[in-house]
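Peer 1: Below are the structure tokens for one structure; questions will follow.
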Amino acid sequence: MKRMWRSSEKMSRVNIKRQNEHKNTGQHISKTHKNPNINSSPESDANIHFERVGFRYGREGEILSDVSFSLPPGSMTFIIGPSGAGKSTLLKLIYLHMRQSRGHITLFGRDTSQIERKEIPALKRRMGIVLQDFRLIDHLNVYENVALPLRVARSKREDYREDVLGLLKWVGLGSRAHALPPTLSGGEKQRAAIARAVITKPDILIADEPTGNVDADMGRRLIRLFSELNRLGTTTIIATHNTALIPEDANMLSIEHGQVKGNINGEQIG
Amino acid sequence: MVSKLADLNKQQLDLTAKMQPILPYDKKNDRPLFMVLVILAFLATLTLLATASGYRAAASWSHNLQGKLTVQIKPAIEGADSVNPGEAERAKTILSKLEPVALVTILPPEYSKSLLEPWLGDVALPEDLPLPILLDVRLHGGQTLDTKQVVAILSGVGIRADIDDHSQWDEEIKRTISAARVLSYLALGLIIIASIAASIFATRAGLTSQRRLMDVLHQVGAPPSYTARLLSTRFATSGFKAGGIGALAALLVSVFVGMMFSTSGGFSYFLPGLHLSLTDIYLGIAVPSVLALIIAATSWRTVIKTLYSEIYP
């Protein structure tokens, strides 16, 4: 499996493009970042820092209240909690789908409240997102679905063709590259969604209930897949209500009644 | 659907094959917009052809009337039955001596009779019917004649005459063409507004039907401009095709109407008919291009506005 992934390490052109985006973002940070306490060095770029973050929809009560934690680059963290606890909301704040009502979130060395809307797509391209409903595009085959982020990034087809096929083999979909999503099983759909999320080698991988639509065996295989990706240096955050699938020594954040508690690298949160 | 998908699954992945477009073709939803755009392009082209043809006809009429006067010699005594032909000759001599005048022709009585045909019909007129004698006066190029002064000169030698320099008719033509031009602009304005409205409606419908795709594109980091380009290119292409069909149909209708008029011995003043000029062809080409541009710009703006208000935080 690793050997296959190493082949995708050859995605030099994609990576160079992404690194250039990083550099550009970094240049922007030095110009616009106003908080001297936030570390914006390249080493901590993929650090995710929440500081007394609160979130509410409209005038309703806070779904998240005074949430503070820090996820180091390259870490793998499970976010657990019952349905409706705010796991998805927390992830949406991280992947810039929503803005917090109060507090500070630091992502890629930037205070997210300072990020302009036009900058969001470039930052999103540094994140891989896997959602419970897969979000595959039905008229595109598996290969085309996985290649979508690269098409959007205007990479040349001949540059990524082998990388996509290599990754599909790695996630066990090598023989299903030509299949359309409606013909895939739940596990295949989820693996295709994961492949699409990681094809650009994102700095951060976010998965919201990735095992929610698959059986326990497939769930364990998917968690192993995420662990492999994390070992390659991707900061990985997985929200799940299925605690049985979580390794014992894993970092965990538990959300209940809008409060976050847990353990990150041995440090107690909350 | 399932069998179709199964067939597709059986196909080998041909890596050299063209990839599917990210935005799927939705013929069911695209067809109504296409039809509306064909009709709008047809109307726009017809309006432009009519305006251009009207201008040409008016310009031709005005040009034909320029430098021409008609002098009507009246009986020397009010109430007399006929005009003495000698007076016409005298008037011709006097008029010929005036500096701006190039040529004076005494028109035959048949010409005067032909002017009565619209009222009296094609019947033999009585010989003793009092008819005026008409003189056709041509001026040197760019020269004018003071008609009041000429009437005074002729009156001074005992010749009663009226002079028609066709200025009234020319003014009426110009007023009519001005009114037609305003109406054309109004019609074109309405057609453009209708195109914009149709484009906005279709873009919003497209965004709604492809909402899931929009979300996925946002998820994988596509900027709004990327998504807007997908939709606006699709709509602009559709607009260009529809515009081409509409414009071609309008040109064909114009030619058909021209053929009908020509077989009945008439002339279609407000359509070029069989006499399509280069301008008409250019207009036919311009309509689809302009329509595509309008649709591209409108759909682009609608997508950007919608994405920022609904999808991008």
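In the structure tokens, each chain is lettered A, B, ... as it comes, each chain's residues begin at 1, and ligands are numbered from 1 in order of appearance.
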Which residues of chain A come within 6 Å of chain B, and what is each one's closest atom pair and distance in Å (one decimal), counting only C-alpha atoms, sorted by chain and residue number, as a Markdown table?
Peer 2:
```
| residue | atom | partner | partner_atom | distance |
| --- | --- | --- | --- | --- |
| A:Met98 | CA | B:Pro313 | CA | 5.7 |
| A:Pro121 | CA | B:Gly221 | CA | 4.3 |
| A:Lys124 | CA | B:Gly221 | CA | 4.8 |
| A:Arg125 | CA | B:Gly221 | CA | 4.7 |
| A:Pro149 | CA | B:Val220 | CA | 5.4 |
| A:Val152 | CA | B:Ala222 | CA | 5.8 |
| A:His178 | CA | B:Leu13 | CA | 5.1 |
| A:Ala179 | CA | B:Asn9 | CA | 4.7 |
```
Peer 1: Using all heavy atoms, can you write the selected residues to a file as a PDB file, in the first residue's frame?
Peer 2:
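Here's the written file selection24.pdb:
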```pdb
ATOM      1  N   MET A  98     -18.443  27.489   7.264  1.00  0.00           N
ATOM      2  CA  MET A  98     -19.180  28.469   8.055  1.00  0.00           C
ATOM      3  C   MET A  98     -18.173  29.294   8.856  1.00  0.00           C
ATOM      4  O   MET A  98     -17.021  28.913   8.985  1.00  0.00           O
ATOM      5  CB  MET A  98     -20.142  27.759   9.027  1.00  0.00           C
ATOM      6  CG  MET A  98     -21.175  26.894   8.333  1.00  0.00           C
ATOM      7  SD  MET A  98     -22.429  26.208   9.446  1.00  0.00           S
ATOM      8  CE  MET A  98     -21.474  25.492  10.713  1.00  0.00           C
ATOM      9  N   PRO A 121     -11.353  29.439  -1.655  1.00  0.00           N
ATOM     10  CA  PRO A 121     -11.083  28.296  -2.541  1.00  0.00           C
ATOM     11  C   PRO A 121      -9.636  27.821  -2.491  1.00  0.00           C
ATOM     12  O   PRO A 121      -9.385  26.612  -2.469  1.00  0.00           O
ATOM     13  CB  PRO A 121     -11.458  28.840  -3.924  1.00  0.00           C
ATOM     14  CG  PRO A 121     -12.488  29.875  -3.645  1.00  0.00           C
ATOM     15  CD  PRO A 121     -12.053  30.524  -2.362  1.00  0.00           C
ATOM     16  N   LYS A 124      -9.192  25.933   0.615  1.00  0.00           N
ATOM     17  CA  LYS A 124      -9.921  24.654   0.550  1.00  0.00           C
ATOM     18  C   LYS A 124      -9.153  23.614  -0.248  1.00  0.00           C
ATOM     19  O   LYS A 124      -9.279  22.408  -0.016  1.00  0.00           O
ATOM     20  CB  LYS A 124     -11.302  24.871  -0.089  1.00  0.00           C
ATOM     21  CG  LYS A 124     -12.303  25.454   0.871  1.00  0.00           C
ATOM     22  CD  LYS A 124     -13.688  25.026   0.511  1.00  0.00           C
ATOM     23  CE  LYS A 124     -14.563  25.083   1.729  1.00  0.00           C
ATOM     24  NZ  LYS A 124     -15.767  24.332   1.623  1.00  0.00           N
ATOM     25  N   ARG A 125      -8.381  24.077  -1.225  1.00  0.00           N
ATOM     26  CA  ARG A 125      -7.604  23.134  -2.023  1.00  0.00           C
ATOM     27  C   ARG A 125      -6.472  22.508  -1.202  1.00  0.00           C
ATOM     28  O   ARG A 125      -5.844  21.553  -1.633  1.00  0.00           O
ATOM     29  CB  ARG A 125      -7.057  23.825  -3.282  1.00  0.00           C
ATOM     30  CG  ARG A 125      -8.134  24.108  -4.316  1.00  0.00           C
ATOM     31  CD  ARG A 125      -7.554  24.411  -5.684  1.00  0.00           C
ATOM     32  NE  ARG A 125      -6.918  25.713  -5.746  1.00  0.00           N
ATOM     33  CZ  ARG A 125      -7.556  26.846  -6.005  1.00  0.00           C
ATOM     34  NH1 ARG A 125      -8.861  26.827  -6.228  1.00  0.00           N
ATOM     35  NH2 ARG A 125      -6.910  27.983  -6.056  1.00  0.00           N
ATOM     36  N   PRO A 149     -10.694  17.367  -8.331  1.00  0.00           N
ATOM     37  CA  PRO A 149      -9.936  18.486  -7.739  1.00  0.00           C
ATOM     38  C   PRO A 149      -8.762  18.924  -8.615  1.00  0.00           C
ATOM     39  O   PRO A 149      -8.404  20.101  -8.621  1.00  0.00           O
ATOM     40  CB  PRO A 149      -9.426  17.904  -6.408  1.00  0.00           C
ATOM     41  CG  PRO A 149     -10.335  16.770  -6.111  1.00  0.00           C
ATOM     42  CD  PRO A 149     -10.732  16.206  -7.428  1.00  0.00           C
ATOM     43  N   VAL A 152     -10.189  20.950 -11.493  1.00  0.00           N
ATOM     44  CA  VAL A 152     -10.522  22.280 -10.979  1.00  0.00           C
ATOM     45  C   VAL A 152      -9.256  23.120 -10.821  1.00  0.00           C
ATOM     46  O   VAL A 152      -9.256  24.324 -11.085  1.00  0.00           O
ATOM     47  CB  VAL A 152     -11.281  22.153  -9.637  1.00  0.00           C
ATOM     48  CG1 VAL A 152     -11.334  23.476  -8.894  1.00  0.00           C
ATOM     49  CG2 VAL A 152     -12.694  21.632  -9.882  1.00  0.00           C
ATOM     50  N   HIS A 178     -13.765   2.853 -14.079  1.00  0.00           N
ATOM     51  CA  HIS A 178     -14.706   3.245 -15.122  1.00  0.00           C
ATOM     52  C   HIS A 178     -16.159   3.211 -14.649  1.00  0.00           C
ATOM     53  O   HIS A 178     -17.068   3.538 -15.405  1.00  0.00           O
ATOM     54  CB  HIS A 178     -14.546   2.312 -16.318  1.00  0.00           C
ATOM     55  CG  HIS A 178     -14.694   0.877 -15.918  1.00  0.00           C
ATOM     56  ND1 HIS A 178     -13.657   0.165 -15.371  1.00  0.00           N
ATOM     57  CD2 HIS A 178     -15.751   0.036 -15.976  1.00  0.00           C
ATOM     58  CE1 HIS A 178     -14.083  -1.068 -15.107  1.00  0.00           C
ATOM     59  NE2 HIS A 178     -15.337  -1.163 -15.455  1.00  0.00           N
ATOM     60  N   ALA A 179     -16.370   2.772 -13.418  1.00  0.00           N
ATOM     61  CA  ALA A 179     -17.753   2.613 -12.935  1.00  0.00           C
ATOM     62  C   ALA A 179     -18.364   3.961 -12.567  1.00  0.00           C
ATOM     63  O   ALA A 179     -17.675   4.867 -12.113  1.00  0.00           O
ATOM     64  CB  ALA A 179     -17.764   1.696 -11.722  1.00  0.00           C
TER      65      ALA A 179
END
```
Peer 1: Could you jot down the atom CA of Ile191 of chain B to atom CA of Leu48 of chain B separation for me, Å, one decimal place?
Peer 2: 11.5 Å
Peer 1: Using DSSP assignments from the backbone, pull out every residue in segment 79-255 of chain A that falls under strand (DSSP E) and give it to me as a PyMOL selection string.
Peer 2: chain A and resi 79-80+102-107+110-111+127-130+204-208+235-240+251-255
Peer 1: Kindly save the residues from that selection, with C-alpha atoms included, as a compact mmCIF listing (two decimals), in the first residue's frame.
Peer 2:
```txt
# COMPACT_ATOMS: atom_id res chain seq x y z
CA ILE A 79 -14.12 13.87 17.28
CA ILE A 80 -16.81 11.92 19.04
CA ARG A 102 -17.22 34.42 18.34
CA GLY A 103 -13.70 33.45 19.33
CA HIS A 104 -10.69 32.81 17.12
CA ILE A 105 -9.88 29.94 14.79
CA THR A 106 -6.41 29.74 13.34
CA LEU A 107 -5.92 27.70 10.20
CA ARG A 110 -4.38 32.62 9.50
CA ASP A 111 -7.13 33.91 11.73
CA MET A 127 -7.90 20.44 2.63
CA GLY A 128 -9.46 17.13 1.72
CA ILE A 129 -13.06 16.68 2.81
CA VAL A 130 -14.97 13.42 3.08
CA ILE A 204 -5.50 18.53 6.33
CA LEU A 205 -7.96 15.69 5.81
CA ILE A 206 -11.39 16.10 7.33
CA ALA A 207 -13.90 13.26 7.42
CA ASP A 208 -17.42 13.61 8.75
CA THR A 235 -3.31 16.19 9.63
CA THR A 236 -6.39 14.02 9.92
CA ILE A 237 -9.63 14.83 11.72
CA ILE A 238 -12.43 12.29 11.79
CA ALA A 239 -15.85 12.88 13.31
CA THR A 240 -17.65 9.70 14.25
CA ASN A 251 -6.30 11.61 20.09
CA MET A 252 -9.91 12.28 20.90
CA LEU A 253 -12.14 15.29 21.32
CA SER A 254 -15.54 14.65 22.81
CA ILE A 255 -18.36 17.12 22.22
```
Peer 1: Per DSSP on the backbone, filter segment 28-132 of chain B down to the residues in alpha helix (DSSP H) and report them as a PyMOL selection string.
Peer 2: chain B and resi 28-65+85-97+109-120
Peer 1: Under the rule that only C-alpha atoms are counted, which of A:Ala177, A:Ile223, A:Ala216, A:Ala192 is the nearest residue to Tyr143 of chain A?
Peer 2: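 Nearest candidate to Tyr143 of chain A out of A:Ala177, A:Ile223, A:Ala216, A:Ala192: A:Ala177.
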